[in-house]
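Colleague: Structure below; questions to follow.
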Amino acid sequence: VIALPDAEQAKTTDVLIAAWNALGAAGFTRSDAVVTVGGGATTDVGGFIAASWLRGIDVVHVPTTTLAMVDAAVGGKTGINTAAGKNLVGAFHPPAGVLVDLDVLAALPVSEHRAGLAEVVKAGLIADADLLALLEQRPHEVLDPASDAVVEAVARAVQVKADVVSADLRETPDAPVSREILNYGHTFGHAIERVEGYRWRHGDAIAVGMVFVAEVAALSGLADDALVARHRAVLTALGLPITYRGDRWDDLRATMSIDKKARGRGLRLVLLEDVGRPRVLAAPDDALLHEAYRRVSA
Ligand SMILES: NC(=O)c1ccc[n+]([C@@H]2O[C@H](COP(=O)([O-])OP(=O)(O)OC[C@H]3O[C@@H](n4cnc5c(N)ncnc54)[C@H](O)[C@@H]3O)[C@@H](O)[C@H]2O)c1
């Protein structure tokens with residue numbers, strides 16, 4: 001057993017070096033496997049340890065947070081943080097298996113469970129209308145990790161992510177189903193996280209980010225106002241935030257430009273024409289972005 005520091009403190013080069021030393025001391029070979037047990041920070045760093053040891057040995061993830069179950073453990077991205085930024089060093093290393101045991105969520109603070117549900121909302125919005133309907137109709141049940149509704153919600157969200165990454169593991173530019181759609185709400189969400197010095201939960205930030213892009217879609221004439229209202233309603237029902245302070249536009253805009261998802265110099269946003277109908281908007285108009293920000297400003 002290699003015990004890791006909590007949360008982001010695990011995603012460091014010090015932890016990597018200690019783990020490599022431990023694997024060396026244990027005589028780990030190509031027929032051994034790393035098993036991670038923890039939240040997304042653990043599956044990220046544990047996955048990277050497995051990706052780098054002997055140029056890649058198997059990893060099995062046992063995610064213990066809602067976010068890790070539906071997102072971090074599924075999809076093959078692993079990595080650590082460095083002085084240059086979060087998640088800039090890593091490898092694609094799909095797990096040999098993922099074991100999701102929902103009983104572990106009984107110990108998880110509800111605020112963490114709720115933040116993980118933001119990614120479940122995203123999965124529903126981009127690809128699964130039935131999942132979205134479940135969240136809209138039974139939000140209180142979904143907030144209870146012991147409910148049957150959570151079993152269905154988590155299974156459906158995992159399926160959405162697995163389908164997308166099976167079609168396009170490495171986010172290739174012209175894939176028929178691009179992994180890029182998983183970035184829904186993330187460009188603005190990442191900007192909030194950065195501007196807030198990572199004191200906001202990821203799920204809270206992308207909740208606001210999804211309302212922001214929904215507003216961009218409506219302002220661009222791609223989606224109707226009812227779709228924006230649906231975003232606000234389902235996120236509010238789950239207790240997730242839908243607004244952000246109104247005096248940070250310059251910082252947010254600058255941060256969005258350097259988001260690692262931006263291609264070259266241009267900004268690319270994933271928008272929805274409707275539930276399950278994502279498309280990419282390249283080089284969106286600045287005035288329109290500013291207006292969308294005004295609409296999500298508290
Ligand atoms: N690789 C990917 O595709 C991907 C996708 C999304 C997020 N991530 C990464 O995942 C990380 C966030 O993951 P997270 O939200 O799971 O956070 P986390 O791993 O930091 O865990 C959050 C907190 O919950 C605690 N915890 C975990 N399981 C628990 C349980 N069952 N009961 C009680 N407490 C528990 C942890 O100790 C920690 O304090 C970030 O580093 C992010 O970059 C990766």
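Ordering of the structure tokens sets the chain letters (A, B, ...); residue numbers start at 1 within each chain; ligands are numbered from 1 in the order shown.
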Using only C-alpha atoms and all ligand atoms, what are the residues with an atom within 6 Å of ligand 1, set out as a ChimeraX atom specification?
Modeller: /A:6-8,38-42,44,64-65,67-68,71-72,75,77-78,104-105,107-108
Colleague: Quick one: residues within 6 Å of region 228-236 of chain A, only C-alpha atoms counted, chain neighbours fewer than 4 positions away excluded, as a PyMOL selection string?
Modeller: chain A and resi 136+214+240
Colleague: Go ahead and compute the interatomic distance for CA of Thr255 (chain A) and CA of Ala191 (chain A), in Å to one decimal.
Modeller: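 Atom-to-atom, CA of Thr255 (chain A) and CA of Ala191 (chain A) are spaced 5.4 Å apart.
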Colleague: Please list as an NGL selection string every residue within 12 Å of Glu180 (chain A), counting only C-alpha atoms and excluding residues in the same chain fewer than 2 positions away.
Modeller: :A and (126 or 161 or 164-165 or 167-178 or 182-187 or 260-263 or 268-271 or 278-281)
Colleague: Find the spatial neighbours of His140 (chain A), counting only C-alpha atoms, within a cut-off of 10 Å - ignore same-chain residues fewer than 2 positions away - and output them as a list in words.
Modeller: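 Residues meeting the cut-off are Leu135, Glu136, Gln137, Arg138, Val142, Leu143, Asp144, Ser147, Ala149, Ala237, Leu238 and Gly239 of chain A.
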Colleague: Might you pull out every residue within 9 Å of Leu132 (chain A), with only C-alpha atoms counted and same-chain residues fewer than 4 positions away left off, and present them as an MDAnalysis selection string?
Modeller: chainID A and resid 120:125 128 136:137 153 234 275
Colleague: Please determine, counting only C-alpha atoms, which residue among A:Glu193, A:Arg179, A:Lys11, A:Arg30 has the shortest atom-to-atom distance to Asp163 (chain A).
Modeller: A:Arg179
Colleague: Name the closest residue to Glu215 (chain A) among the candidates A:Asn21, A:Ser297, A:Thr66, A:Gln159; distances are taken between atoms, counting only C-alpha atoms.
Modeller: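 For Glu215 (chain A), the nearest of the given residues is A:Ser297.
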Colleague: Please give the complete set of residues from region 81-124 of chain A that DSSP, run on the backbone, assigns to helix (DSSP H, G or I), formatted as a PyMOL selection string.
Modeller: chain A and resi 102-107+110-124
Colleague: One decimal, Å: what's the distance from CA of Ala292 (chain A) over to CA of Ala218 (chain A), could you say?
Modeller: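 Atom-to-atom, CA of Ala292 (chain A) and CA of Ala218 (chain A) are spaced 9.1 Å apart.
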Colleague: List the spatial neighbours of Phe48 (chain A) as number ranges by chain - criterion: any atom at most 12 Å away, only C-alpha atoms, same-chain residues fewer than 5 positions off excluded.
Modeller: A: 10-13, 15-17, 19-20, 34-36, 41-43, 53-61, 73, 76-81, 87, 89-95
Colleague: Let's see if you can do this: from backbone DSSP, list all strand (DSSP E) residues in region 18-243 of chain A, as a list in words.
Modeller: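 Selection result, strand (DSSP E) within region 18-243 of chain A: Ala33, Val34, Val35, Thr36, Val37, Gly38, Asp58, Val59, Val60, His61, Val62, Pro63, Lys77, Thr78, Gly79, Ile80, Asn81, Thr82, Gly85, Lys86, Asn87, Leu88, Val89, Gly90, Ala91, Phe92, Gly97 and Val98 of chain A.
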Colleague: State, in Å with one decimal place, the distance from CA of Gly24 (chain A) to CA of Pro5 (chain A).
Modeller: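 Atom-to-atom, CA of Gly24 (chain A) and CA of Pro5 (chain A) are spaced 20.3 Å apart.
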Colleague: Rank A:Gly266, A:Asp130, A:Ile242, A:Leu117 by their smallest atom-to-atom distance to Val150 (chain A), using only C-alpha atoms, and report the top residue only.
Modeller: A:Leu117
